[in-house]
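> Dropping a structure here in structure tokens format, bear with me for questions.
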Amino acid sequence: MPAPVVRCRYIGEWVATMHRWGLAVDQAEREVLLSYAAGCLNANLAFERVS
């Protein structure tokens, strides 16, 4: 995991990439992502889904 100062950006880009490509996460990865993302207030994800 990256340094705390860039953690929210990293998590956001990871999640946006997963959504963009229609990739799934397992339950363990989901729980970790949610726990880290809980500290990221006012985060918005922007992505364009790939066909």
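Order determines the names: the first chain of the structure tokens is A, the second B, and so forth; residues in each chain are numbered 1 upward, and ligands are numbered 1 upward as they are shown.
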I'd like the neighbourhood of Gly22 (chain A) as a ChimeraX atom specification, where a residue qualifies if any of its atoms comes within 8 Å (using only C-alpha atoms), though same-chain residues fewer than 2 positions away should be ignored.

/A:18-20,24,49-50

> Got time to write the residues from that selection, N, CA and C atoms, as an mmCIF file, in the first residue's frame?


data_model
loop_
_atom_site.group_PDB
_atom_site.id
_atom_site.type_symbol
_atom_site.label_atom_id
_atom_site.label_comp_id
_atom_site.auth_asym_id
_atom_site.auth_seq_id
_atom_site.Cartn_x
_atom_site.Cartn_y
_atom_site.Cartn_z
ATOM 1 N N MET A 18 -10.820 -1.138 -12.071
ATOM 2 C CA MET A 18 -11.596 -2.372 -11.984
ATOM 3 C C MET A 18 -12.973 -2.184 -12.632
ATOM 4 N N HIS A 19 -13.616 -1.058 -12.346
ATOM 5 C CA HIS A 19 -14.926 -0.770 -12.944
ATOM 6 C C HIS A 19 -14.813 -0.583 -14.455
ATOM 7 N N ARG A 20 -13.791 0.162 -14.869
ATOM 8 C CA ARG A 20 -13.627 0.457 -16.286
ATOM 9 C C ARG A 20 -13.543 -0.818 -17.114
ATOM 10 N N ALA A 24 -13.829 -8.175 -11.573
ATOM 11 C CA ALA A 24 -14.430 -8.501 -10.279
ATOM 12 C C ALA A 24 -13.355 -8.543 -9.195
ATOM 13 N N ARG A 49 -16.400 3.027 -19.094
ATOM 14 C CA ARG A 49 -16.359 1.577 -19.249
ATOM 15 C C ARG A 49 -15.900 1.207 -20.654
ATOM 16 N N VAL A 50 -15.005 0.252 -20.717
ATOM 17 C CA VAL A 50 -14.485 -0.251 -21.993
ATOM 18 C C VAL A 50 -15.464 -1.279 -22.526
#

> Residues within 12 Å of Leu41 (chain A), please, as a ChimeraX atom specification. Count only C-alpha atoms; anything in the same chain fewer than 2 positions from it doesn't count.

/A:8-9,12,36-39,43-44

> For the residues selected in the previous step, produce a file with N, CA and C atoms as a tab-separated table (two decimals), in the first residue's frame.


chain	number	residue	atom	x	y	z
A	8	CYS	N	-5.55	7.55	-0.85
A	8	CYS	CA	-6.90	7.73	-1.40
A	8	CYS	C	-6.88	7.78	-2.92
A	9	ARG	N	-5.90	8.45	-3.48
A	9	ARG	CA	-5.79	8.50	-4.95
A	9	ARG	C	-5.53	7.10	-5.49
A	12	GLY	N	-8.69	5.03	-5.26
A	12	GLY	CA	-9.64	5.50	-6.27
A	12	GLY	C	-9.28	5.04	-7.66
A	36	TYR	N	-9.86	0.74	3.57
A	36	TYR	CA	-8.99	1.87	3.23
A	36	TYR	C	-9.79	3.06	2.72
A	37	ALA	N	-10.80	2.80	1.91
A	37	ALA	CA	-11.60	3.88	1.33
A	37	ALA	C	-12.43	4.61	2.37
A	38	ALA	N	-12.70	3.98	3.50
A	38	ALA	CA	-13.49	4.62	4.56
A	38	ALA	C	-12.84	5.92	5.04
A	39	GLY	N	-11.53	6.02	4.93
A	39	GLY	CA	-10.83	7.22	5.35
A	39	GLY	C	-10.72	8.28	4.26
A	43	ALA	N	-14.65	11.51	-1.92
A	43	ALA	CA	-13.98	10.96	-3.10
A	43	ALA	C	-15.01	10.66	-4.18
A	44	ASN	N	-14.69	11.00	-5.41
A	44	ASN	CA	-15.53	10.71	-6.56
A	44	ASN	C	-14.71	9.94	-7.57

> As an exercise, work out the distance from CA of Cys40 (chain A) to CA of Val25 (chain A) in Å and give it to one decimal place.

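Separating CA of Cys40 (chain A) from CA of Val25 (chain A) is a distance of 19.7 Å.
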
> If I take CA of Val5 (chain A) and CA of Ala28 (chain A), how far is one from the other in Å, to one decimal?

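Going from CA of Val5 (chain A) over to CA of Ala28 (chain A), I get 23.8 Å.
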
> Hey, what does DSSP flag as alpha helix (DSSP H) within chain A? Can you give it to me as a ChimeraX atom specification?

/A:4-20,27-37

> Using CA of Arg30 (chain A) and CA of Ala16 (chain A) as the two end points, give the distance in Å to one decimal.

13.4 Å

> Kindly indicate which residue among A:Ala46, A:Ser51, A:Gln27, A:Leu33 lies nearest to Tyr10 (chain A), using only C-alpha atoms for the distances.

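Looking only at the distances to Tyr10 (chain A), the closest residue turns out to be A:Leu33.
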